[in-house]
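A.B. asks: Please see the structure below; I have some questions.
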Amino acid sequence: MPGEASRPQKAAAKAGAEIRGDVLLCLAQLRLATPRQLKALLLPDQQGTDYVRRALRNLRADALVGRTYRAQQSYWYCTPAGLAEAAASGELAPRAGRNTGKRIAASKTGLREHGLALVDTVVAFHQAEVADCADWQVEVAHPTPAGNLVPDAVVLLADGSSAFVEIDRTMSYARLVAKLERYDAYRNAPPSGRGNAARAPRSHWQETYAGPSLDRSFPPVLFVFAAAPRRAAPATREAAFHQRAQHVHGVNYRIIVATTTLGQLTKHGPDEPVWRLVGRGEGEERCSLDALPKAR
């Protein structure tokens, strides 16, 4: 029939236009992503990435996103104009210091792969309906007496609680333990402000994560170990981290720390028993995210 050949193209154009805003928000939220990752977040039932690629080309034509090619793969990120449009939509959580992701996408030092591993983590949580893509904040500074703590991400979970997420590919064990010690400093930072007659002064973590009645405990710290060239396998690094992290003050009491590998997380999902608790002396036993104990 005349015109039949153009129907798939017209359908792709329509779908690309419909998800244009969602693609822009995802890139603004996560800094960079591949078409495959965006499809998994926005169009999980689609077989291919045609609709997502159409939306990306649409956004690029308006100078709202950019791309970098490496090893026959395209990595997409927001431009400053794209960040401004995403912020103007009112659907992006306001915050200072949000960057475009261009430097990360072009990086040759492993920074791009670290960012992509974080997006794969977001996809795993999204597919398990544990947290939506919009419920993630990337690299937000948290003040401590020893300097700012900057988690790789903070996620608001479907049950209303939060979790800190750290991605490791190449960091030394000493730096991983030092970051865990920074979490302990953040957890034990003294209250800020003077409070008032209605309530006592609160620390930053209580103001941000404990809820109005302080009914929520300190968020768990989740480490996800991902593969990297010329590094030990993620499971090996995870085991070595456990040996060192169990000696950090506050772990297994004031701070709950759990680990997994990106392979396990993407295969089974965060709601399955993929998390191994630090400092519990339980060997390789793992639990699901909702079975993690609460910090005291």
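Every chain in the structure tokens has a letter given in the order shown (A, B, ...), and although residue numbers restart at 1 in each chain, ligands are simply numbered from 1 in the order shown.
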Sort by chain and increasing residue number a table of all residues of region 196-280 of chain A within 7 Å of region 289-294 of chain A, each with its closest pair of atoms and their distance in Å to one decimal, counting only C-alpha atoms, and write it as CSV.

C.D. replies:
```
residue,atom,partner,partner_atom,distance
A:Ser217,CA,A:Lys294,CA,6.3
A:Ile256,CA,A:Lys294,CA,6.9
A:Pro270,CA,A:Leu289,CA,5.9
A:Asp271,CA,A:Leu289,CA,5.3
A:Trp275,CA,A:Leu289,CA,6.8
```

A.B. asks: What parts of region 69-113 of chain A does DSSP call helix (DSSP H, G or I)? I'd like the answer as number ranges by chain.

C.D. replies: A: 80-88, 102-106, 111-113

A.B. asks: Between A:Gln73, A:Ala245, A:Ala40, A:Thr79, which residue has the minimum interatomic distance to Leu24 (chain A), considering only C-alpha atoms?

C.D. replies: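 Checking each candidate against Leu24 (chain A), we get A:Thr79 as the closest.
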
A.B. asks: Show me, as an NGL selection string, the residues that have an atom within 9 Å of Gly115 (chain A) when counting only C-alpha atoms, minus same-chain residues fewer than 2 positions from it.

C.D. replies: :A and (30-33 or 104-105 or 110-113 or 117-120 or 167)

A.B. asks: So which bits of region 10-236 of chain A end up strand (DSSP E or B) when you DSSP the backbone, as a ChimeraX atom specification?

C.D. replies: /A:33,65-70,73-78,136-138,142,149,153-156,162-168,192,202,221-225

A.B. asks: Looking at only C-alpha atoms, which of A:Ala61, A:Val155, A:Leu56, A:Ala210 is the one that sits closest to Thr121 (chain A)?

C.D. replies: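 For Thr121 (chain A), the nearest of the candidates is A:Val155.
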
A.B. asks: Which is closest to Val122 (chain A) among A:Ala141, A:Ala106, A:Ile255, A:Leu38, if we use only C-alpha atoms?

C.D. replies: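 The closest residue to Val122 (chain A) is A:Leu38.
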
A.B. asks: Which is closest to Thr49 (chain A) among A:Asn252, A:Thr34, A:Thr144, A:Gln243, if we use only C-alpha atoms?

C.D. replies: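 Closest residue, counting only C-alpha atoms: A:Thr34.
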
A.B. asks: Just want the 12 Å neighbourhood of Ser89 (chain A), counted on only C-alpha atoms, with same-chain residues fewer than 2 positions away dropped. Output as a PyMOL selection string.

C.D. replies: chain A and resi 21-22+24-25+28+82-87+91-94

A.B. asks: To one decimal place, how far is CA of Thr109 (chain A) from CA of Met171 (chain A) in Å?

C.D. replies: 12.2 Å

A.B. asks: Which residues, written as a PyMOL selection string, have at least one atom at most 9 Å from Ile19 (chain A), with only C-alpha atoms counted and residues fewer than 6 positions away on the same chain left out?

C.D. replies: chain A and resi 42-43+51-52+55

A.B. asks: Would you kindly return, as a list in words, each protein, DNA or RNA residue with an atom no farther than 7 Å from any atom of region 158-166 of chain A, considering only C-alpha atoms and excluding same-chain residues fewer than 4 positions away?

C.D. replies: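 Final neighbour list, sorted by chain and number: Val130, Ala131, Pro151, Asp152, Ala153, Val154, Tyr209, Pro219, Pro220, Val221, Leu222, Phe223 and Val224 of chain A.
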
A.B. asks: For a test of reading the model, state the distance in Å between CA of Pro212 (chain A) and CA of Arg199 (chain A), rounded to one decimal.

C.D. replies: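 A separation of 10.1 Å between them.
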
A.B. asks: At a cut-off of 12 Å, using only C-alpha atoms, what residues contact Arg53 (chain A)? Leave out same-chain residues fewer than 2 positions from it and give the result as a count of residues only.

C.D. replies: 31

A.B. asks: With only C-alpha atoms as the atoms that count, which of A:Arg182, A:Arg296, A:His126, A:Arg103 lies nearest to His142 (chain A)?

C.D. replies: A:Arg182

A.B. asks: For Leu262 (chain A), which residue among A:Ala124, A:Ala146, A:Cys26, A:Leu157 is the nearest when counting only C-alpha atoms?

C.D. replies: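 Using only C-alpha atoms, the shortest distance to Leu262 (chain A) belongs to A:Ala124.
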
A.B. asks: Please, what distance in Å, to one decimal, runs between CA of Gly90 (chain A) and CA of Leu64 (chain A)?

C.D. replies: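 Pair CA of Gly90 (chain A) / CA of Leu64 (chain A) returns 16.6 Å.
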